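Participant: Below are the structure tokens for one structure; questions will follow.
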Amino acid sequence: MPAQVITITSGKGGVGKTTAVANLAVALASDGARVVCVDGDIGLRNLDVILGLENRIVYDIVDVIEGRCRLKQAMIKDKRLPNLHLIPAAQTRDKNAVSASDMNRLVKDLRSECEFVLIDSPAGIERGFKNAIAPADRVLVVTNPEVSAVRDADRVIGILEAEGKGPGSLIINRLNPALVRRQEMLSADDVLDLLAIELIGIVPEDEGVLIGSNRGAPVALDPKSKAGQAFRNIAARLKGQDVPFLDLDTSSSLWERIQKLAGRR
Amino acid sequence: MSFLDKLFGKKNSADSAKERLQLVLIHDRTDLTPAELESLRDDLIATISRHVEIDVTAMQFGMEHDGRSQRLVADIPIKSAARRRASSRKTKAR
């Protein structure tokens, strides 16, 4: 199987890009795929802590690009999942240390090493973002059901179309089903209606995500977590499997469900 | 969303969010501000009026979206020929 290069981006910061990369990587790797994650956020590296690999960094992406180490030396192996590797971002370098052609060259070499390359894009629509999407075969746009995140996602989708990277596929992250039921949060259908691109996953708000990040253990490792299940489903869809979307309505009370069945809402 | 809010016709916040986003996204995608759209509308009225008399009060003008592509939609009722003739006679008489 030829490697798939997937960039995860969002426009707005803080919507869960890094969380999505970490969880998709863990989900794909626990299912047997060889995965390399690349942290594209030069100067603001975070994927290492979310994956719990921060203490094992020796070399980073800029060291590879500037020839101070070989590619394999910068690939940190995850001890939990031996087929998962991370290439960390440089923390001390300025963000101009990497160009789009550097990224293309690096990713070209990675294609022979694995089945999935996941690139964590920085927030914004500047150089770091352009570098991150340059080598992508496919782009996933993460948004939250919230006005500023949806607006920024729309800008990013417009740029992706202009750059010939397709409209991308959408991950709606941190959806709160109870708030949606009270009509105080945009529903997944509302967001899809506005952005008009293909949906690849809906991830419910889940305190397990924060707890997982505290521990450096992404929630996709927890078989009981609902958000973890949502990320595992997205991973399966990336592998081409047809997985139905989670029913996020089960947390409602019996009475609310009866009302719904009776067509009162 | 409380019962009282509903009773007094207060819109729930998800609907406001969606409506506001619909407008904002149109302007973001087309790079047209509401003021520019307004001036486009006025130009359109002036141009068409040079050829045919239109009913400006019943005119519909706005942006619609079909997936990710934007469409400028104008529905411009033309005054009937009989009424036009009647009004042009009046103009001549004046």
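Ligands are numbered from 1 in the order shown, residues from 1 within each chain, and chains are lettered A, B, ... in the order they appear in the structure tokens.
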Just need the residues of chain A within 7 Å of chain B, counting only C-alpha atoms, so spit them out as an mmCIF file with N, CA and C atoms, in the first residue's frame.
Facilitator:
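Output below, filename out-v5.cif:
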data_model
loop_
_atom_site.group_PDB
_atom_site.id
_atom_site.type_symbol
_atom_site.label_atom_id
_atom_site.label_comp_id
_atom_site.auth_asym_id
_atom_site.auth_seq_id
_atom_site.Cartn_x
_atom_site.Cartn_y
_atom_site.Cartn_z
ATOM 1 N N VAL A 147 -18.900 29.916 16.144
ATOM 2 C CA VAL A 147 -18.819 30.843 15.006
ATOM 3 C C VAL A 147 -17.395 31.134 14.517
ATOM 4 N N ARG A 151 -15.926 29.991 10.839
ATOM 5 C CA ARG A 151 -15.523 31.018 9.881
ATOM 6 C C ARG A 151 -14.085 30.796 9.406
ATOM 7 N N ARG A 182 -30.531 21.463 23.169
ATOM 8 C CA ARG A 182 -31.184 22.695 23.642
ATOM 9 C C ARG A 182 -31.128 23.806 22.604
ATOM 10 N N GLN A 183 -30.589 23.501 21.447
ATOM 11 C CA GLN A 183 -30.430 24.464 20.344
ATOM 12 C C GLN A 183 -29.602 25.668 20.750
ATOM 13 N N GLU A 184 -28.610 25.416 21.602
ATOM 14 C CA GLU A 184 -27.687 26.478 21.983
ATOM 15 C C GLU A 184 -26.290 26.184 21.441
ATOM 16 N N MET A 185 -26.189 25.205 20.531
ATOM 17 C CA MET A 185 -24.923 24.950 19.841
ATOM 18 C C MET A 185 -25.255 24.536 18.425
ATOM 19 N N LEU A 186 -24.428 24.983 17.457
ATOM 20 C CA LEU A 186 -24.606 24.561 16.071
ATOM 21 C C LEU A 186 -24.553 23.039 16.020
ATOM 22 N N ASP A 190 -25.789 21.706 10.801
ATOM 23 C CA ASP A 190 -25.632 23.153 10.569
ATOM 24 C C ASP A 190 -24.235 23.451 10.013
ATOM 25 N N LEU A 194 -23.118 24.900 6.305
ATOM 26 C CA LEU A 194 -22.360 26.132 6.112
ATOM 27 C C LEU A 194 -21.088 25.896 5.306
ATOM 28 N N ALA A 196 -20.149 23.050 3.604
ATOM 29 C CA ALA A 196 -20.394 22.303 2.365
ATOM 30 C C ALA A 196 -19.182 21.495 1.887
#
Participant: Please provide the set of residues having any atom within 9 Å of A:Glu115, restricted to only C-alpha atoms, with same-chain residues fewer than 6 positions apart removed, written as a ChimeraX atom specification.
Facilitator: /A:1-5,33-36
Participant: Can you list, as a VMD selection string, every residue of stretch 2-187 of chain A that DSSP puts in helix (DSSP H, G or I)?
Facilitator: chain A and resid 17 to 30 47 to 51 54 to 56 61 to 65 71 to 74 95 to 97 100 to 111 127 to 133 147 to 162 177 to 181
Participant: Generate the output file for the selected residues, C-alpha atoms, as a PDB file, in the first residue's frame.
Facilitator:
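The file below, selection_25.pdb, is the result:
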ATOM      1  CA  LYS A  17      -5.624  19.830  15.658  1.00  0.00           C
ATOM      2  CA  THR A  18      -2.819  18.348  17.722  1.00  0.00           C
ATOM      3  CA  THR A  19      -5.256  16.192  19.694  1.00  0.00           C
ATOM      4  CA  ALA A  20      -6.697  14.919  16.422  1.00  0.00           C
ATOM      5  CA  VAL A  21      -3.252  14.089  14.996  1.00  0.00           C
ATOM      6  CA  ALA A  22      -2.204  12.264  18.178  1.00  0.00           C
ATOM      7  CA  ASN A  23      -5.429  10.276  18.387  1.00  0.00           C
ATOM      8  CA  LEU A  24      -5.569   9.366  14.707  1.00  0.00           C
ATOM      9  CA  ALA A  25      -1.920   8.305  14.851  1.00  0.00           C
ATOM     10  CA  VAL A  26      -2.529   6.109  17.892  1.00  0.00           C
ATOM     11  CA  ALA A  27      -5.711   4.644  16.388  1.00  0.00           C
ATOM     12  CA  LEU A  28      -4.068   3.855  13.043  1.00  0.00           C
ATOM     13  CA  ALA A  29      -0.968   2.400  14.717  1.00  0.00           C
ATOM     14  CA  SER A  30      -2.928   0.209  17.155  1.00  0.00           C
ATOM     15  CA  LEU A  47       2.563  16.982  19.569  1.00  0.00           C
ATOM     16  CA  ASP A  48       5.408  15.471  21.642  1.00  0.00           C
ATOM     17  CA  VAL A  49       3.693  16.205  24.987  1.00  0.00           C
ATOM     18  CA  ILE A  50       0.262  15.117  23.752  1.00  0.00           C
ATOM     19  CA  LEU A  51       1.775  11.780  22.684  1.00  0.00           C
ATOM     20  CA  GLU A  54       8.627  14.775  25.197  1.00  0.00           C
ATOM     21  CA  ASN A  55      11.456  13.194  27.204  1.00  0.00           C
ATOM     22  CA  ARG A  56      12.817  11.186  24.333  1.00  0.00           C
ATOM     23  CA  ILE A  61      12.742  18.341  12.055  1.00  0.00           C
ATOM     24  CA  VAL A  62      15.147  21.256  11.529  1.00  0.00           C
ATOM     25  CA  ASP A  63      18.098  18.995  12.382  1.00  0.00           C
ATOM     26  CA  VAL A  64      16.972  16.649   9.591  1.00  0.00           C
ATOM     27  CA  ILE A  65      16.425  19.479   7.095  1.00  0.00           C
ATOM     28  CA  LEU A  71      15.900  11.026   9.060  1.00  0.00           C
ATOM     29  CA  LYS A  72      15.721   7.816  11.130  1.00  0.00           C
ATOM     30  CA  GLN A  73      17.580   9.446  14.029  1.00  0.00           C
ATOM     31  CA  ALA A  74      14.852  12.084  14.376  1.00  0.00           C
ATOM     32  CA  LYS A  95       9.618  29.367  11.917  1.00  0.00           C
ATOM     33  CA  ASN A  96      11.408  30.404   8.730  1.00  0.00           C
ATOM     34  CA  ALA A  97      13.878  27.555   9.175  1.00  0.00           C
ATOM     35  CA  ALA A 100       7.643  24.042   1.500  1.00  0.00           C
ATOM     36  CA  SER A 101      10.308  22.274  -0.586  1.00  0.00           C
ATOM     37  CA  ASP A 102      12.057  21.115   2.631  1.00  0.00           C
ATOM     38  CA  MET A 103       8.743  19.590   3.742  1.00  0.00           C
ATOM     39  CA  ASN A 104       8.184  17.977   0.348  1.00  0.00           C
ATOM     40  CA  ARG A 105      11.656  16.421   0.419  1.00  0.00           C
ATOM     41  CA  LEU A 106      11.282  15.152   4.006  1.00  0.00           C
ATOM     42  CA  VAL A 107       7.860  13.635   3.353  1.00  0.00           C
ATOM     43  CA  LYS A 108       9.029  12.032   0.110  1.00  0.00           C
ATOM     44  CA  ASP A 109      11.635  10.116   2.136  1.00  0.00           C
ATOM     45  CA  LEU A 110       9.013   9.153   4.747  1.00  0.00           C
ATOM     46  CA  ARG A 111       6.666   7.646   2.159  1.00  0.00           C
ATOM     47  CA  ARG A 127       3.985  30.039   5.919  1.00  0.00           C
ATOM     48  CA  GLY A 128       3.836  27.182   8.441  1.00  0.00           C
ATOM     49  CA  PHE A 129       0.364  26.262   7.226  1.00  0.00           C
ATOM     50  CA  LYS A 130       1.452  26.435   3.569  1.00  0.00           C
ATOM     51  CA  ASN A 131       4.466  24.204   4.372  1.00  0.00           C
ATOM     52  CA  ALA A 132       2.234  21.698   6.136  1.00  0.00           C
ATOM     53  CA  ILE A 133      -0.219  21.338   3.244  1.00  0.00           C
ATOM     54  CA  VAL A 147     -18.819  30.843  15.006  1.00  0.00           C
ATOM     55  CA  SER A 148     -15.132  31.825  14.945  1.00  0.00           C
ATOM     56  CA  ALA A 149     -13.884  28.266  14.336  1.00  0.00           C
ATOM     57  CA  VAL A 150     -16.381  27.703  11.497  1.00  0.00           C
ATOM     58  CA  ARG A 151     -15.523  31.018   9.881  1.00  0.00           C
ATOM     59  CA  ASP A 152     -11.781  30.288   9.988  1.00  0.00           C
ATOM     60  CA  ALA A 153     -12.368  26.754   8.682  1.00  0.00           C
ATOM     61  CA  ASP A 154     -14.193  28.267   5.715  1.00  0.00           C
ATOM     62  CA  ARG A 155     -11.208  30.526   4.955  1.00  0.00           C
ATOM     63  CA  VAL A 156      -8.852  27.550   5.099  1.00  0.00           C
ATOM     64  CA  ILE A 157     -11.114  25.474   2.824  1.00  0.00           C
ATOM     65  CA  GLY A 158     -11.109  28.376   0.334  1.00  0.00           C
ATOM     66  CA  ILE A 159      -7.287  28.444   0.369  1.00  0.00           C
ATOM     67  CA  LEU A 160      -7.088  24.652  -0.010  1.00  0.00           C
ATOM     68  CA  GLU A 161      -9.300  24.871  -3.099  1.00  0.00           C
ATOM     69  CA  ALA A 162      -7.190  27.701  -4.518  1.00  0.00           C
ATOM     70  CA  PRO A 177     -24.901  16.854  22.261  1.00  0.00           C
ATOM     71  CA  ALA A 178     -26.813  18.281  25.248  1.00  0.00           C
ATOM     72  CA  LEU A 179     -26.205  21.861  24.073  1.00  0.00           C
ATOM     73  CA  VAL A 180     -27.184  20.918  20.519  1.00  0.00           C
ATOM     74  CA  ARG A 181     -30.424  19.426  21.851  1.00  0.00           C
TER      75      ARG A 181
END
Participant: I'd like the neighbourhood of stretch 197-214 of chain A as JSON, numbers by chain, where a residue qualifies if any of its atoms comes within 8 Å (using only C-alpha atoms), though same-chain residues fewer than 3 positions away should be ignored.
Facilitator: {"A": [19, 49, 50, 51, 167, 168, 169, 170, 171, 172, 173, 174, 175, 176, 177, 188, 192, 217, 218, 219, 225, 226, 227, 230, 231, 233, 234, 237, 245, 246, 248], "B": [67, 68]}
